[in-house]
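Have a look at protein_21.cif; it's mmCIF, C-alpha atoms:
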data_protein
#
loop_
_atom_site.group_PDB
_atom_site.id
_atom_site.type_symbol
_atom_site.label_atom_id
_atom_site.label_comp_id
_atom_site.auth_asym_id
_atom_site.auth_seq_id
_atom_site.Cartn_x
_atom_site.Cartn_y
_atom_site.Cartn_z
ATOM 1 C CA MET A 1386 19.738 -2.949 -21.255
ATOM 2 C CA LYS A 1387 22.108 0.028 -21.128
ATOM 3 C CA GLN A 1388 19.219 2.490 -20.953
ATOM 4 C CA HIS A 1389 17.656 0.493 -18.133
ATOM 5 C CA VAL A 1390 20.824 0.844 -16.057
ATOM 6 C CA LEU A 1391 21.205 4.534 -16.892
ATOM 7 C CA ASP A 1392 17.583 5.122 -15.842
ATOM 8 C CA LEU A 1393 18.180 3.349 -12.519
ATOM 9 C CA LEU A 1394 21.367 5.335 -11.870
ATOM 10 C CA ARG A 1395 19.489 8.564 -12.515
ATOM 11 C CA LYS A 1396 16.473 7.490 -10.432
ATOM 12 C CA HIS A 1397 18.663 6.676 -7.416
ATOM 13 C CA ASN A 1398 21.072 9.610 -7.914
ATOM 14 C CA ILE A 1399 24.126 7.370 -8.294
ATOM 15 C CA GLN A 1400 27.211 8.551 -10.175
ATOM 16 C CA TYR A 1401 28.969 6.075 -12.411
ATOM 17 C CA HIS A 1402 32.215 5.492 -14.240
ATOM 18 C CA ALA A 1403 32.573 2.923 -17.027
ATOM 19 C CA ASN A 1404 35.549 0.579 -17.252
ATOM 20 C CA ASP A 1405 36.850 -1.840 -19.853
ATOM 21 C CA TYR A 1406 36.922 -4.959 -17.688
ATOM 22 C CA LYS A 1407 34.239 -7.229 -16.287
ATOM 23 C CA GLU A 1408 34.301 -5.997 -12.703
ATOM 24 C CA GLY A 1409 32.364 -3.521 -10.677
ATOM 25 C CA LYS A 1410 32.877 -1.451 -7.546
ATOM 26 C CA ALA A 1411 30.589 0.598 -5.315
ATOM 27 C CA TRP A 1412 31.669 3.376 -2.962
ATOM 28 C CA PHE A 1413 30.802 6.834 -1.684
ATOM 29 C CA CYS A 1414 32.603 9.772 -3.285
ATOM 30 C CA LEU A 1415 32.178 13.031 -1.369
ATOM 31 C CA GLY A 1416 29.091 11.559 0.258
ATOM 32 C CA ARG A 1417 27.464 10.581 -3.024
ATOM 33 C CA PRO A 1418 26.922 6.968 -4.106
ATOM 34 C CA THR A 1419 29.252 6.044 -6.954
ATOM 35 C CA VAL A 1420 29.683 2.860 -8.957
ATOM 36 C CA GLU A 1421 32.291 1.726 -11.400
ATOM 37 C CA ILE A 1422 30.704 -0.612 -13.884
ATOM 38 C CA PRO A 1423 31.758 -2.375 -17.077
ATOM 39 C CA ARG A 1424 30.671 -0.996 -20.402
ATOM 40 C CA MET A 1425 27.317 -2.681 -20.901
ATOM 41 C CA ASP A 1426 27.916 -4.658 -24.044
ATOM 42 C CA ASP A 1427 26.604 -8.063 -22.925
ATOM 43 C CA ASP A 1428 24.332 -9.779 -20.389
ATOM 44 C CA ILE A 1429 27.037 -10.213 -17.748
ATOM 45 C CA SER A 1430 28.187 -6.587 -17.771
ATOM 46 C CA TYR A 1431 24.517 -5.528 -17.511
ATOM 47 C CA PHE A 1432 24.047 -7.847 -14.513
ATOM 48 C CA ILE A 1433 27.229 -6.564 -12.831
ATOM 49 C CA ALA A 1434 25.944 -3.000 -13.223
ATOM 50 C CA LEU A 1435 22.637 -3.942 -11.577
ATOM 51 C CA HIS A 1436 24.504 -5.667 -8.750
ATOM 52 C CA GLU A 1437 26.601 -2.571 -8.042
ATOM 53 C CA ILE A 1438 23.479 -0.382 -7.954
ATOM 54 C CA GLY A 1439 22.026 -2.948 -5.552
ATOM 55 C CA HIS A 1440 24.783 -2.106 -3.059
ATOM 56 C CA PHE A 1441 23.070 1.257 -2.560
ATOM 57 C CA VAL A 1442 19.379 0.496 -2.963
ATOM 58 C CA GLY A 1443 19.061 -3.232 -2.321
ATOM 59 C CA PRO A 1444 18.302 -5.192 0.829
ATOM 60 C CA ARG A 1445 20.937 -6.105 3.428
ATOM 61 C CA GLN A 1446 23.059 -3.001 2.790
ATOM 62 C CA GLU A 1447 22.917 -1.492 6.282
ATOM 63 C CA ASN A 1448 26.416 -2.649 7.190
ATOM 64 C CA TRP A 1449 28.973 -3.153 4.429
ATOM 65 C CA CYS A 1450 31.293 -4.738 6.995
ATOM 66 C CA ARG A 1451 29.037 -7.787 6.816
ATOM 67 C CA ILE A 1452 30.288 -8.602 3.337
ATOM 68 C CA LEU A 1453 28.273 -11.785 2.780
ATOM 69 C CA GLU A 1454 25.017 -10.039 3.664
ATOM 70 C CA SER A 1455 25.892 -7.075 1.475
ATOM 71 C CA GLU A 1456 26.847 -9.221 -1.519
ATOM 72 C CA LEU A 1457 23.755 -11.403 -1.195
ATOM 73 C CA GLY A 1458 21.490 -8.370 -0.953
ATOM 74 C CA ALA A 1459 23.041 -6.731 -4.010
ATOM 75 C CA TRP A 1460 22.561 -9.945 -6.037
ATOM 76 C CA GLU A 1461 18.989 -10.272 -4.812
ATOM 77 C CA TRP A 1462 18.279 -6.714 -5.948
ATOM 78 C CA ALA A 1463 19.930 -7.350 -9.320
ATOM 79 C CA ILE A 1464 17.846 -10.499 -9.811
ATOM 80 C CA TYR A 1465 14.559 -8.779 -8.976
ATOM 81 C CA ASN A 1466 15.318 -5.685 -11.048
ATOM 82 C CA ALA A 1467 16.791 -7.244 -14.179
ATOM 83 C CA GLU A 1468 14.622 -6.874 -17.254
ATOM 84 C CA TYR A 1469 15.509 -10.480 -18.072
ATOM 85 C CA LEU A 1470 17.662 -13.331 -16.718
ATOM 86 C CA THR A 1471 19.691 -15.825 -18.693
ATOM 87 C CA ASP A 1472 21.233 -19.077 -17.478
ATOM 88 C CA GLU A 1473 24.630 -17.417 -17.879
ATOM 89 C CA MET A 1474 23.602 -14.532 -15.605
ATOM 90 C CA VAL A 1475 22.271 -16.910 -12.943
ATOM 91 C CA GLU A 1476 25.496 -18.934 -13.006
ATOM 92 C CA PHE A 1477 27.565 -15.752 -12.822
ATOM 93 C CA ALA A 1478 25.720 -14.614 -9.666
ATOM 94 C CA ARG A 1479 26.265 -18.032 -8.070
ATOM 95 C CA GLU A 1480 29.976 -17.987 -8.903
ATOM 96 C CA ALA A 1481 30.412 -14.395 -7.755
ATOM 97 C CA LEU A 1482 28.775 -15.064 -4.392
ATOM 98 C CA GLY A 1483 30.756 -18.283 -4.182
ATOM 99 C CA THR A 1484 34.024 -16.346 -4.183
ATOM 100 C CA TYR A 1485 32.979 -14.837 -0.843
ATOM 101 C CA LEU A 1486 32.010 -18.252 0.542
ATOM 102 C CA LYS A 1487 35.341 -19.997 -0.045
ATOM 103 C CA GLY A 1488 36.926 -21.054 3.207
ATOM 104 C CA ARG A 1489 33.742 -20.429 5.195
ATOM 105 C CA ALA A 1490 32.012 -23.072 7.275
ATOM 106 C CA LYS A 1491 29.880 -25.490 5.282
ATOM 107 C CA SER A 1492 26.750 -24.330 7.148
ATOM 108 C CA THR A 1493 27.479 -20.721 6.132
ATOM 109 C CA GLN A 1494 27.994 -21.742 2.502
ATOM 110 C CA GLU A 1495 24.725 -23.676 2.476
ATOM 111 C CA LYS A 1496 22.814 -20.786 4.103
ATOM 112 C CA TYR A 1497 23.888 -18.199 1.522
ATOM 113 C CA GLU A 1498 23.556 -20.552 -1.436
ATOM 114 C CA HIS A 1499 20.024 -21.348 -0.238
ATOM 115 C CA LEU A 1500 19.132 -17.648 0.092
ATOM 116 C CA LEU A 1501 20.432 -16.889 -3.408
ATOM 117 C CA ASP A 1502 18.541 -19.876 -4.839
ATOM 118 C CA LYS A 1503 15.395 -18.689 -3.047
ATOM 119 C CA ALA A 1504 15.689 -15.239 -4.654
ATOM 120 C CA LEU A 1505 16.238 -16.837 -8.073
ATOM 121 C CA LYS A 1506 13.271 -19.167 -7.627
ATOM 122 C CA ASN A 1507 11.005 -16.320 -6.474
ATOM 123 C CA CYS A 1508 12.025 -14.167 -9.408
ATOM 124 C CA LEU A 1509 11.596 -16.963 -11.930
ATOM 125 C CA SER A 1510 8.117 -17.726 -10.561
ATOM 126 C CA LEU A 1511 7.152 -14.080 -11.158
ATOM 127 C CA ILE A 1512 8.380 -14.296 -14.758
ATOM 128 C CA VAL A 1513 6.467 -17.521 -15.433
ATOM 129 C CA ALA A 1514 3.256 -16.296 -13.752
#

Could I get this structure in the form of structure tokens?
Amino acid sequence: MKQHVLDLLRKHNIQYHANDYKEGKAWFCLGRPTVEIPRMDDDISYFIALHEIGHFVGPRQENWCRILESELGAWEWAIYNAEYLTDEMVEFAREALGTYLKGRAKSTQEKYEHLLDKALKNCLSLIVA
């Protein structure tokens, strides 16, 4: 899992910094993509690392000001590029996206929850096939 993330960082020319907490960040440093990711010692930290990489190479990343689109796209990329998915990882992605949906209109919540579920279902069908 750690090697997978390191390979992706290298492939996409993304710098990274490790931290000791279960959070991630993505930004440009001197014009170069940079992520801060947790030390990859479990499934969730691995998934967070993939999500942060997804902010640079995933879908829906054209405009980071559209935070819901950006977050959804990064989770979609993480889902499709994970070497495996656990129930815990799926729930974590739902909860993480949910933090951006709080206080939004019900129709907006349903739209983004549906899009995330669609990505999960598509990915799971590829694994089963």

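Distance check against Tyr1485 of chain A using all atoms listed in the file: of A:Ala1504, A:Ala1463, A:Ala1403, A:Ile1452, the minimum falls on A:Ile1452.
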
Residues picked by the PyMOL selection byres ((chain A and resi 1424-1428) around 12) here, as a PDB file with C-alpha atoms, in the coordinates of the input?
ATOM      1  CA  MET A1386      19.738  -2.949 -21.255  1.00  0.00           C
ATOM      2  CA  LYS A1387      22.108   0.028 -21.128  1.00  0.00           C
ATOM      3  CA  GLN A1388      19.219   2.490 -20.953  1.00  0.00           C
ATOM      4  CA  HIS A1389      17.656   0.493 -18.133  1.00  0.00           C
ATOM      5  CA  VAL A1390      20.824   0.844 -16.057  1.00  0.00           C
ATOM      6  CA  LEU A1391      21.205   4.534 -16.892  1.00  0.00           C
ATOM      7  CA  TYR A1401      28.969   6.075 -12.411  1.00  0.00           C
ATOM      8  CA  HIS A1402      32.215   5.492 -14.240  1.00  0.00           C
ATOM      9  CA  ALA A1403      32.573   2.923 -17.027  1.00  0.00           C
ATOM     10  CA  ASN A1404      35.549   0.579 -17.252  1.00  0.00           C
ATOM     11  CA  ASP A1405      36.850  -1.840 -19.853  1.00  0.00           C
ATOM     12  CA  TYR A1406      36.922  -4.959 -17.688  1.00  0.00           C
ATOM     13  CA  LYS A1407      34.239  -7.229 -16.287  1.00  0.00           C
ATOM     14  CA  GLU A1408      34.301  -5.997 -12.703  1.00  0.00           C
ATOM     15  CA  GLY A1409      32.364  -3.521 -10.677  1.00  0.00           C
ATOM     16  CA  GLU A1421      32.291   1.726 -11.400  1.00  0.00           C
ATOM     17  CA  ILE A1422      30.704  -0.612 -13.884  1.00  0.00           C
ATOM     18  CA  PRO A1423      31.758  -2.375 -17.077  1.00  0.00           C
ATOM     19  CA  ILE A1429      27.037 -10.213 -17.748  1.00  0.00           C
ATOM     20  CA  SER A1430      28.187  -6.587 -17.771  1.00  0.00           C
ATOM     21  CA  TYR A1431      24.517  -5.528 -17.511  1.00  0.00           C
ATOM     22  CA  PHE A1432      24.047  -7.847 -14.513  1.00  0.00           C
ATOM     23  CA  ILE A1433      27.229  -6.564 -12.831  1.00  0.00           C
ATOM     24  CA  ALA A1434      25.944  -3.000 -13.223  1.00  0.00           C
ATOM     25  CA  LEU A1435      22.637  -3.942 -11.577  1.00  0.00           C
ATOM     26  CA  ALA A1467      16.791  -7.244 -14.179  1.00  0.00           C
ATOM     27  CA  GLU A1468      14.622  -6.874 -17.254  1.00  0.00           C
ATOM     28  CA  TYR A1469      15.509 -10.480 -18.072  1.00  0.00           C
ATOM     29  CA  LEU A1470      17.662 -13.331 -16.718  1.00  0.00           C
ATOM     30  CA  THR A1471      19.691 -15.825 -18.693  1.00  0.00           C
ATOM     31  CA  ASP A1472      21.233 -19.077 -17.478  1.00  0.00           C
ATOM     32  CA  GLU A1473      24.630 -17.417 -17.879  1.00  0.00           C
ATOM     33  CA  MET A1474      23.602 -14.532 -15.605  1.00  0.00           C
ATOM     34  CA  VAL A1475      22.271 -16.910 -12.943  1.00  0.00           C
ATOM     35  CA  GLU A1476      25.496 -18.934 -13.006  1.00  0.00           C
ATOM     36  CA  PHE A1477      27.565 -15.752 -12.822  1.00  0.00           C
ATOM     37  CA  ALA A1478      25.720 -14.614  -9.666  1.00  0.00           C
TER      38      ALA A1478
END

Exercise. Do you know which residues the PyMOL selection byres ((chain A and resi 1446) around 12) returns on this file, as a PyMOL selection string?
Worked result: chain A and resi 1411+1436-1445+1447-1462

Output file for the selection above: C-alpha atoms, as a PDB file, in the coordinates of the input:
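Result file is part_28.pdb:
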ATOM      1  CA  ALA A1411      30.589   0.598  -5.315  1.00  0.00           C
ATOM      2  CA  HIS A1436      24.504  -5.667  -8.750  1.00  0.00           C
ATOM      3  CA  GLU A1437      26.601  -2.571  -8.042  1.00  0.00           C
ATOM      4  CA  ILE A1438      23.479  -0.382  -7.954  1.00  0.00           C
ATOM      5  CA  GLY A1439      22.026  -2.948  -5.552  1.00  0.00           C
ATOM      6  CA  HIS A1440      24.783  -2.106  -3.059  1.00  0.00           C
ATOM      7  CA  PHE A1441      23.070   1.257  -2.560  1.00  0.00           C
ATOM      8  CA  VAL A1442      19.379   0.496  -2.963  1.00  0.00           C
ATOM      9  CA  GLY A1443      19.061  -3.232  -2.321  1.00  0.00           C
ATOM     10  CA  PRO A1444      18.302  -5.192   0.829  1.00  0.00           C
ATOM     11  CA  ARG A1445      20.937  -6.105   3.428  1.00  0.00           C
ATOM     12  CA  GLU A1447      22.917  -1.492   6.282  1.00  0.00           C
ATOM     13  CA  ASN A1448      26.416  -2.649   7.190  1.00  0.00           C
ATOM     14  CA  TRP A1449      28.973  -3.153   4.429  1.00  0.00           C
ATOM     15  CA  CYS A1450      31.293  -4.738   6.995  1.00  0.00           C
ATOM     16  CA  ARG A1451      29.037  -7.787   6.816  1.00  0.00           C
ATOM     17  CA  ILE A1452      30.288  -8.602   3.337  1.00  0.00           C
ATOM     18  CA  LEU A1453      28.273 -11.785   2.780  1.00  0.00           C
ATOM     19  CA  GLU A1454      25.017 -10.039   3.664  1.00  0.00           C
ATOM     20  CA  SER A1455      25.892  -7.075   1.475  1.00  0.00           C
ATOM     21  CA  GLU A1456      26.847  -9.221  -1.519  1.00  0.00           C
ATOM     22  CA  LEU A1457      23.755 -11.403  -1.195  1.00  0.00           C
ATOM     23  CA  GLY A1458      21.490  -8.370  -0.953  1.00  0.00           C
ATOM     24  CA  ALA A1459      23.041  -6.731  -4.010  1.00  0.00           C
ATOM     25  CA  TRP A1460      22.561  -9.945  -6.037  1.00  0.00           C
ATOM     26  CA  GLU A1461      18.989 -10.272  -4.812  1.00  0.00           C
ATOM     27  CA  TRP A1462      18.279  -6.714  -5.948  1.00  0.00           C
TER      28      TRP A1462
END

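Distances here use all atoms listed in the file; by that measure, the residue among A:Lys1410, A:Gln1494, A:Asn1507, A:Thr1419 closest to Arg1395 of chain A is A:Thr1419.
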
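For the pair atom CA of Leu1505 of chain A and atom CA of Tyr1465 of chain A, the interatomic distance is 8.3 Å.
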
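Of note, atom CA of Trp1412 of chain A and atom CA of Lys1396 of chain A are spaced 17.4 Å apart.
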
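The interatomic distance for the pair atom CA of Cys1508 of chain A and atom CA of Ile1464 of chain A works out to 6.9 Å.
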
Put a box with edges along x, y and z around all the listed atoms of segment 1449-1455 of chain A, pad it by 4 Å on each side, then give me its centre and sizes in Å, one decimal, as AutoDock Vina command-line options.
--center_x 28.2 --center_y -7.5 --center_z 4.2 --size_x 14.3 --size_y 16.6 --size_z 13.5

Generate the missing atoms of segment 1441-1454 of chain A up to N, CA, C and O atoms and report them as a PDB file, keeping the file's coordinate frame.
ATOM      1  N   PHE A1441      23.606   0.030  -3.137  1.00  0.00           N
ATOM      2  CA  PHE A1441      23.070   1.257  -2.560  1.00  0.00           C
ATOM      3  C   PHE A1441      21.578   1.201  -2.291  1.00  0.00           C
ATOM      4  O   PHE A1441      21.093   1.840  -1.368  1.00  0.00           O
ATOM      5  N   VAL A1442      20.841   0.454  -3.087  1.00  0.00           N
ATOM      6  CA  VAL A1442      19.379   0.496  -2.963  1.00  0.00           C
ATOM      7  C   VAL A1442      18.764  -0.865  -2.637  1.00  0.00           C
ATOM      8  O   VAL A1442      17.562  -0.953  -2.437  1.00  0.00           O
ATOM      9  N   GLY A1443      19.571  -1.893  -2.572  1.00  0.00           N
ATOM     10  CA  GLY A1443      19.061  -3.232  -2.321  1.00  0.00           C
ATOM     11  C   GLY A1443      18.947  -3.558  -0.845  1.00  0.00           C
ATOM     12  O   GLY A1443      19.322  -2.761   0.021  1.00  0.00           O
ATOM     13  N   PRO A1444      18.424  -4.747  -0.566  1.00  0.00           N
ATOM     14  CA  PRO A1444      18.302  -5.192   0.829  1.00  0.00           C
ATOM     15  C   PRO A1444      19.672  -5.562   1.406  1.00  0.00           C
ATOM     16  O   PRO A1444      20.632  -5.750   0.658  1.00  0.00           O
ATOM     17  N   ARG A1445      19.749  -5.633   2.704  1.00  0.00           N
ATOM     18  CA  ARG A1445      20.937  -6.105   3.428  1.00  0.00           C
ATOM     19  C   ARG A1445      22.151  -5.189   3.278  1.00  0.00           C
ATOM     20  O   ARG A1445      23.290  -5.634   3.378  1.00  0.00           O
ATOM     21  N   GLN A1446      21.935  -3.910   3.025  1.00  0.00           N
ATOM     22  CA  GLN A1446      23.059  -3.001   2.790  1.00  0.00           C
ATOM     23  C   GLN A1446      23.347  -2.080   3.976  1.00  0.00           C
ATOM     24  O   GLN A1446      24.118  -1.144   3.857  1.00  0.00           O
ATOM     25  N   GLU A1447      22.752  -2.360   5.122  1.00  0.00           N
ATOM     26  CA  GLU A1447      22.917  -1.492   6.282  1.00  0.00           C
ATOM     27  C   GLU A1447      24.356  -1.455   6.784  1.00  0.00           C
ATOM     28  O   GLU A1447      24.803  -0.465   7.329  1.00  0.00           O
ATOM     29  N   ASN A1448      25.066  -2.560   6.636  1.00  0.00           N
ATOM     30  CA  ASN A1448      26.416  -2.649   7.190  1.00  0.00           C
ATOM     31  C   ASN A1448      27.327  -3.343   6.191  1.00  0.00           C
ATOM     32  O   ASN A1448      27.343  -4.561   6.103  1.00  0.00           O
ATOM     33  N   TRP A1449      28.096  -2.565   5.449  1.00  0.00           N
ATOM     34  CA  TRP A1449      28.973  -3.153   4.429  1.00  0.00           C
ATOM     35  C   TRP A1449      30.090  -4.004   5.034  1.00  0.00           C
ATOM     36  O   TRP A1449      30.757  -4.752   4.349  1.00  0.00           O
ATOM     37  N   CYS A1450      30.279  -3.892   6.348  1.00  0.00           N
ATOM     38  CA  CYS A1450      31.293  -4.738   6.995  1.00  0.00           C
ATOM     39  C   CYS A1450      30.850  -6.198   7.010  1.00  0.00           C
ATOM     40  O   CYS A1450      31.670  -7.088   7.132  1.00  0.00           O
ATOM     41  N   ARG A1451      29.553  -6.413   6.898  1.00  0.00           N
ATOM     42  CA  ARG A1451      29.037  -7.787   6.816  1.00  0.00           C
ATOM     43  C   ARG A1451      28.972  -8.143   5.331  1.00  0.00           C
ATOM     44  O   ARG A1451      27.927  -8.116   4.708  1.00  0.00           O
ATOM     45  N   ILE A1452      30.112  -8.472   4.784  1.00  0.00           N
ATOM     46  CA  ILE A1452      30.288  -8.602   3.337  1.00  0.00           C
ATOM     47  C   ILE A1452      29.362  -9.636   2.712  1.00  0.00           C
ATOM     48  O   ILE A1452      28.809  -9.403   1.635  1.00  0.00           O
ATOM     49  N   LEU A1453      29.151 -10.764   3.359  1.00  0.00           N
ATOM     50  CA  LEU A1453      28.273 -11.785   2.780  1.00  0.00           C
ATOM     51  C   LEU A1453      26.846 -11.267   2.664  1.00  0.00           C
ATOM     52  O   LEU A1453      26.190 -11.473   1.639  1.00  0.00           O
ATOM     53  N   GLU A1454      26.368 -10.599   3.703  1.00  0.00           N
ATOM     54  CA  GLU A1454      25.017 -10.039   3.664  1.00  0.00           C
ATOM     55  C   GLU A1454      24.903  -8.996   2.557  1.00  0.00           C
ATOM     56  O   GLU A1454      23.932  -8.966   1.804  1.00  0.00           O
TER      57      GLU A1454
END
